[in-house]
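Q: Right, I'll just put the structure down here and ask away after.
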Amino acid sequence: MTLTEKVAYLKGLVEGLGVDETTSQGKVTKAILDVLDDMAFTVSDLEDSTSELYEEVEALDEDLGNLEEDFYDDYDEDEDDCDCCCGDEIYEVKCPNCNEEICIDGDILDQGQIECPNCGETLTFEIDEDDCDCGCDCDCDGECECHHEH
């Protein structure tokens, strides 16, 4: 039995009992039943609206899922490496404020800063292009002759 049906049953009981609406108790009973009736219709309307919204959200979720499949192709959300989305060189940096791992590309690195998407902290990057990146601390100004792999 729905809420609306229950309120209708109560109204029928009150009418069947012959409650006198001219007395104080009768007036209160009638007013309570009117409020219950309004509430039952409101709840019913909310249930209908919620059901419609749920169906719309499900349809949007399905459409979004299809778009993600089409757009990202074979992209696996669980992959840990950053170069899963493109062929550019990707760097992982850790925010010193919240310890969140952030993937950045060379363009962002060239800009010199990025805002942490997790905490909003501004991270700055300084690139010294004169240093050799072979890791041997030689002073070759980027033209490494130390025969270490780059």
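Letters for chains follow the order of the structure tokens (A, B, ...), residue numbers begin at 1 for each chain, and ligand numbers begin at 1 in the order shown.
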Go through range 17-120 of chain A and collect every residue that DSSP, computed from the backbone, puts in strand (DSSP E); the answer should be as a list in words.
A: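 Result set for range 17-120 of chain A (strand (DSSP E)): Ile90, Tyr91, Glu92, Val93, Lys94, Glu101, Ile102, Cys103, Ile104, Asp105, Gln113, Ile114 and Glu115 of chain A.
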Q: Nearest residue to Gly120 in chain A out of A:Ile104, A:Gln25, A:Cys95, A:Gly12, using only C-alpha atoms?
A: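 Among A:Ile104, A:Gln25, A:Cys95, A:Gly12, it is A:Cys95 that comes nearest to Gly120 in chain A.
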Q: Rounded to one decimal, what separation in Å do you get between CA of Met39 in chain A and CA of Glu21 in chain A?
A: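 Separation of CA of Met39 in chain A and CA of Glu21 in chain A: 21.2 Å.
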Q: Suppose you want the space between CA of Leu3 in chain A and CA of Ala40 in chain A; what is it in Å?
A: 5.6 Å
Q: Give me, as a PyMOL selection string, all polymer residues having an atom no more than 12 Å from Glu15 in chain A, counting only C-alpha atoms and skipping those fewer than 4 positions away in the same chain.
A: chain A and resi 8-11+19-21+26+29-30+33
Q: Let's have the selection written as a compact mmCIF listing (two decimals), in the first residue's frame, with C-alpha atoms.
A:
# COMPACT_ATOMS: atom_id res chain seq x y z
CA ALA A 8 -6.96 7.80 1.77
CA TYR A 9 -7.73 4.82 4.06
CA LEU A 10 -7.37 7.05 7.15
CA LYS A 11 -9.70 9.62 5.61
CA VAL A 19 -16.13 12.54 13.32
CA ASP A 20 -17.90 15.85 13.90
CA GLU A 21 -15.86 18.55 12.13
CA GLY A 26 -12.84 17.00 14.63
CA THR A 29 -8.31 15.54 12.93
CA LYS A 30 -9.45 17.04 9.61
CA LEU A 33 -5.55 14.47 7.48
Q: Based on the backbone DSSP call, show me all residues of range 8-124 of chain A assigned alpha helix (DSSP H), as a short mmCIF file (atom, residue, chain, number, x, y, z; two decimals) with N, CA, C and O atoms, in the first residue's frame.
A:
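Saved to selection-v6.cif:
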data_model
loop_
_atom_site.label_atom_id
_atom_site.label_comp_id
_atom_site.auth_asym_id
_atom_site.auth_seq_id
_atom_site.Cartn_x
_atom_site.Cartn_y
_atom_site.Cartn_z
N ALA A 8 -5.57 7.93 2.23
CA ALA A 8 -6.96 7.80 1.77
C ALA A 8 -7.74 6.85 2.68
O ALA A 8 -8.91 7.10 3.01
N TYR A 9 -7.09 5.77 3.13
CA TYR A 9 -7.73 4.82 4.06
C TYR A 9 -8.07 5.51 5.38
O TYR A 9 -9.18 5.34 5.92
N LEU A 10 -7.12 6.32 5.91
CA LEU A 10 -7.37 7.05 7.15
C LEU A 10 -8.54 8.03 7.01
O LEU A 10 -9.38 8.16 7.91
N LYS A 11 -8.59 8.70 5.86
CA LYS A 11 -9.70 9.62 5.61
C LYS A 11 -11.02 8.87 5.61
O LYS A 11 -12.02 9.34 6.18
N GLY A 12 -11.02 7.70 5.00
CA GLY A 12 -12.23 6.88 4.98
C GLY A 12 -12.64 6.45 6.38
O GLY A 12 -13.83 6.44 6.71
N LEU A 13 -11.67 6.09 7.21
CA LEU A 13 -11.97 5.71 8.60
C LEU A 13 -12.60 6.86 9.36
O LEU A 13 -13.59 6.69 10.09
N VAL A 14 -12.02 8.05 9.20
CA VAL A 14 -12.54 9.23 9.91
C VAL A 14 -13.95 9.53 9.45
O VAL A 14 -14.84 9.82 10.27
N GLU A 15 -14.20 9.46 8.15
CA GLU A 15 -15.55 9.71 7.64
C GLU A 15 -16.51 8.62 8.12
O GLU A 15 -17.67 8.91 8.47
N GLY A 16 -16.02 7.36 8.13
CA GLY A 16 -16.86 6.25 8.58
C GLY A 16 -17.21 6.33 10.05
O GLY A 16 -18.27 5.88 10.48
N LEU A 17 -16.33 6.89 10.84
CA LEU A 17 -16.58 7.04 12.27
C LEU A 17 -17.53 8.20 12.55
O LEU A 17 -18.03 8.32 13.67
N SER A 24 -13.63 20.65 18.37
CA SER A 24 -12.18 20.92 18.35
C SER A 24 -11.41 19.71 17.86
O SER A 24 -10.50 19.82 17.02
N GLN A 25 -11.76 18.52 18.38
CA GLN A 25 -11.06 17.30 17.98
C GLN A 25 -11.30 16.99 16.50
O GLN A 25 -10.40 16.56 15.77
N GLY A 26 -12.50 17.24 16.04
CA GLY A 26 -12.84 17.00 14.63
C GLY A 26 -12.07 17.93 13.71
O GLY A 26 -11.59 17.52 12.65
N LYS A 27 -11.95 19.21 14.11
CA LYS A 27 -11.20 20.18 13.30
C LYS A 27 -9.72 19.79 13.21
O LYS A 27 -9.11 19.85 12.15
N VAL A 28 -9.16 19.40 14.37
CA VAL A 28 -7.75 18.99 14.40
C VAL A 28 -7.53 17.75 13.55
O VAL A 28 -6.58 17.66 12.77
N THR A 29 -8.42 16.78 13.70
CA THR A 29 -8.31 15.54 12.93
C THR A 29 -8.37 15.83 11.43
O THR A 29 -7.57 15.29 10.65
N LYS A 30 -9.31 16.67 11.02
CA LYS A 30 -9.45 17.04 9.61
C LYS A 30 -8.20 17.75 9.11
O LYS A 30 -7.69 17.46 8.02
N ALA A 31 -7.66 18.68 9.91
CA ALA A 31 -6.46 19.42 9.52
C ALA A 31 -5.26 18.47 9.39
O ALA A 31 -4.46 18.59 8.45
N ILE A 32 -5.13 17.53 10.31
CA ILE A 32 -4.03 16.56 10.26
C ILE A 32 -4.15 15.71 9.00
O ILE A 32 -3.16 15.47 8.30
N LEU A 33 -5.35 15.27 8.68
CA LEU A 33 -5.55 14.47 7.48
C LEU A 33 -5.24 15.26 6.20
O LEU A 33 -4.68 14.72 5.25
N ASP A 34 -5.58 16.54 6.19
CA ASP A 34 -5.27 17.38 5.03
C ASP A 34 -3.76 17.52 4.85
O ASP A 34 -3.24 17.44 3.73
N VAL A 35 -3.04 17.72 5.98
CA VAL A 35 -1.58 17.83 5.91
C VAL A 35 -0.97 16.51 5.46
O VAL A 35 -0.08 16.48 4.61
N LEU A 36 -1.45 15.39 6.00
CA LEU A 36 -0.96 14.08 5.60
C LEU A 36 -1.21 13.83 4.11
O LEU A 36 -0.35 13.28 3.41
N ASP A 37 -2.37 14.26 3.62
CA ASP A 37 -2.71 14.10 2.22
C ASP A 37 -1.74 14.90 1.34
O ASP A 37 -1.22 14.39 0.34
N ASP A 38 -1.49 16.15 1.72
CA ASP A 38 -0.54 16.99 0.97
C ASP A 38 0.87 16.37 0.99
O ASP A 38 1.55 16.33 -0.04
N MET A 39 1.27 15.89 2.15
CA MET A 39 2.59 15.28 2.27
C MET A 39 2.70 14.02 1.43
O MET A 39 3.73 13.78 0.77
N ALA A 40 1.65 13.22 1.41
CA ALA A 40 1.66 11.99 0.63
C ALA A 40 1.81 12.29 -0.86
O ALA A 40 2.57 11.63 -1.58
N PHE A 41 1.09 13.32 -1.35
CA PHE A 41 1.21 13.68 -2.76
C PHE A 41 2.60 14.25 -3.07
O PHE A 41 3.18 13.98 -4.12
N THR A 42 3.15 15.03 -2.15
CA THR A 42 4.49 15.60 -2.34
C THR A 42 5.53 14.49 -2.40
O THR A 42 6.41 14.49 -3.27
N VAL A 43 5.44 13.53 -1.47
CA VAL A 43 6.38 12.41 -1.46
C VAL A 43 6.25 11.60 -2.75
O VAL A 43 7.24 11.19 -3.35
N SER A 44 5.03 11.40 -3.19
CA SER A 44 4.80 10.66 -4.43
C SER A 44 5.43 11.38 -5.62
O SER A 44 6.07 10.76 -6.48
N ASP A 45 5.26 12.70 -5.68
CA ASP A 45 5.86 13.49 -6.76
C ASP A 45 7.39 13.42 -6.68
O ASP A 45 8.07 13.30 -7.72
N LEU A 46 7.94 13.49 -5.47
CA LEU A 46 9.39 13.39 -5.30
C LEU A 46 9.92 12.02 -5.74
O LEU A 46 10.98 11.93 -6.36
N GLU A 47 9.19 10.98 -5.41
CA GLU A 47 9.59 9.64 -5.83
C GLU A 47 9.60 9.54 -7.35
O GLU A 47 10.52 8.97 -7.94
N ASP A 48 8.57 10.10 -8.00
CA ASP A 48 8.51 10.08 -9.46
C ASP A 48 9.68 10.87 -10.06
O ASP A 48 10.33 10.41 -11.01
N SER A 49 9.94 12.05 -9.51
CA SER A 49 11.04 12.88 -10.01
C SER A 49 12.38 12.19 -9.81
O SER A 49 13.25 12.22 -10.70
N THR A 50 12.57 11.58 -8.66
CA THR A 50 13.80 10.87 -8.37
C THR A 50 14.00 9.72 -9.33
O THR A 50 15.11 9.48 -9.83
N SER A 51 12.95 9.02 -9.62
CA SER A 51 13.02 7.91 -10.56
C SER A 51 13.42 8.40 -11.95
O SER A 51 14.26 7.80 -12.62
N GLU A 52 12.83 9.51 -12.39
CA GLU A 52 13.17 10.08 -13.69
C GLU A 52 14.63 10.54 -13.72
O GLU A 52 15.34 10.31 -14.69
N LEU A 53 15.06 11.20 -12.64
CA LEU A 53 16.45 11.65 -12.56
C LEU A 53 17.42 10.47 -12.58
O LEU A 53 18.47 10.52 -13.23
N TYR A 54 17.08 9.42 -11.88
CA TYR A 54 17.92 8.22 -11.85
C TYR A 54 18.08 7.65 -13.26
O TYR A 54 19.19 7.30 -13.68
N GLU A 55 16.98 7.59 -14.00
CA GLU A 55 17.04 7.08 -15.37
C GLU A 55 17.91 7.96 -16.25
O GLU A 55 18.69 7.48 -17.07
N GLU A 56 17.79 9.29 -16.08
CA GLU A 56 18.60 10.23 -16.85
C GLU A 56 20.08 10.08 -16.51
O GLU A 56 20.93 10.09 -17.40
N VAL A 57 20.39 9.96 -15.22
CA VAL A 57 21.78 9.81 -14.80
C VAL A 57 22.36 8.49 -15.36
O VAL A 57 23.50 8.45 -15.82
N GLU A 58 21.59 7.44 -15.32
CA GLU A 58 22.03 6.16 -15.87
C GLU A 58 22.32 6.29 -17.37
O GLU A 58 23.33 5.77 -17.86
N ALA A 59 21.45 6.99 -18.09
CA ALA A 59 21.65 7.19 -19.54
C ALA A 59 22.91 8.03 -19.78
O ALA A 59 23.71 7.72 -20.67
N LEU A 60 23.10 9.10 -18.99
CA LEU A 60 24.29 9.93 -19.13
C LEU A 60 25.56 9.13 -18.81
O LEU A 60 26.58 9.27 -19.49
N ASP A 61 25.50 8.31 -17.77
CA ASP A 61 26.64 7.50 -17.38
C ASP A 61 27.01 6.53 -18.50
O ASP A 61 28.18 6.35 -18.82
N GLU A 62 26.01 5.94 -19.10
CA GLU A 62 26.25 5.01 -20.20
C GLU A 62 26.85 5.74 -21.40
O GLU A 62 27.82 5.27 -22.00
N ASP A 63 26.29 6.92 -21.74
CA ASP A 63 26.82 7.71 -22.85
C ASP A 63 28.26 8.13 -22.57
O ASP A 63 29.12 8.08 -23.46
N LEU A 64 28.54 8.56 -21.34
CA LEU A 64 29.88 8.97 -20.97
C LEU A 64 30.84 7.79 -21.06
O LEU A 64 31.97 7.93 -21.51
N GLY A 65 30.39 6.64 -20.62
CA GLY A 65 31.23 5.44 -20.72
C GLY A 65 31.57 5.13 -22.17
O GLY A 65 32.72 4.78 -22.48
N ASN A 66 30.59 5.27 -23.06
CA ASN A 66 30.85 5.04 -24.48
C ASN A 66 31.85 6.06 -25.03
O ASN A 66 32.73 5.70 -25.81
N LEU A 67 31.69 7.33 -24.63
CA LEU A 67 32.62 8.35 -25.07
C LEU A 67 34.04 8.08 -24.56
O LEU A 67 35.01 8.26 -25.29
N GLU A 68 34.14 7.66 -23.30
CA GLU A 68 35.45 7.35 -22.75
C GLU A 68 36.10 6.21 -23.51
O GLU A 68 37.29 6.26 -23.82
N GLU A 69 35.34 5.19 -23.84
CA GLU A 69 35.88 4.08 -24.61
C GLU A 69 36.35 4.54 -25.98
O GLU A 69 37.43 4.15 -26.43
N ASP A 70 35.56 5.38 -26.64
CA ASP A 70 35.93 5.88 -27.97
C ASP A 70 37.13 6.81 -27.90
O ASP A 70 38.03 6.74 -28.73
N PHE A 71 37.13 7.70 -26.92
CA PHE A 71 38.17 8.72 -26.83
C PHE A 71 39.50 8.16 -26.35
O PHE A 71 40.55 8.47 -26.89
N TYR A 72 39.45 7.35 -25.32
CA TYR A 72 40.68 6.84 -24.72
C TYR A 72 41.14 5.53 -25.33
O TYR A 72 42.18 5.02 -24.98
N GLY A 106 56.71 18.01 -20.99
CA GLY A 106 57.75 19.00 -21.22
C GLY A 106 57.22 20.42 -21.33
O GLY A 106 57.89 21.37 -20.91
N ASP A 107 56.01 20.59 -21.87
CA ASP A 107 55.43 21.92 -21.99
C ASP A 107 55.22 22.57 -20.63
O ASP A 107 55.52 23.74 -20.42
N ILE A 108 54.69 21.80 -19.70
CA ILE A 108 54.47 22.32 -18.35
C ILE A 108 55.81 22.60 -17.68
O ILE A 108 55.99 23.60 -17.00
N LEU A 109 56.77 21.70 -17.92
CA LEU A 109 58.10 21.89 -17.36
C LEU A 109 58.72 23.19 -17.88
O LEU A 109 59.35 23.94 -17.14
N ASP A 110 58.52 23.47 -19.18
CA ASP A 110 59.04 24.70 -19.77
C ASP A 110 58.38 25.94 -19.18
O ASP A 110 59.00 27.00 -19.09
N GLN A 111 57.10 25.82 -18.78
CA GLN A 111 56.40 26.96 -18.17
C GLN A 111 56.99 27.29 -16.81
O GLN A 111 56.89 28.42 -16.34
#
Q: Just want the 10 Å neighbourhood of Glu101 in chain A, counted on only C-alpha atoms, with same-chain residues fewer than 2 positions away dropped. Output as a list in words.
A: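 Everything that qualifies: Tyr91, Glu92, Val93, Lys94, Cys95, Pro96, Cys98, Asn99, Cys103, Ile104, Cys116 and Asn118 of chain A.
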Q: Pick the closest to Glu121 in chain A from A:Ile102, A:Ile90, A:Met1, A:Val7: which is it, counting only C-alpha atoms?
A: A:Ile102
Q: Interatomic distance between CA of Pro117 in chain A and CA of Glu89 in chain A?
A: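 A separation of 20.0 Å between them.
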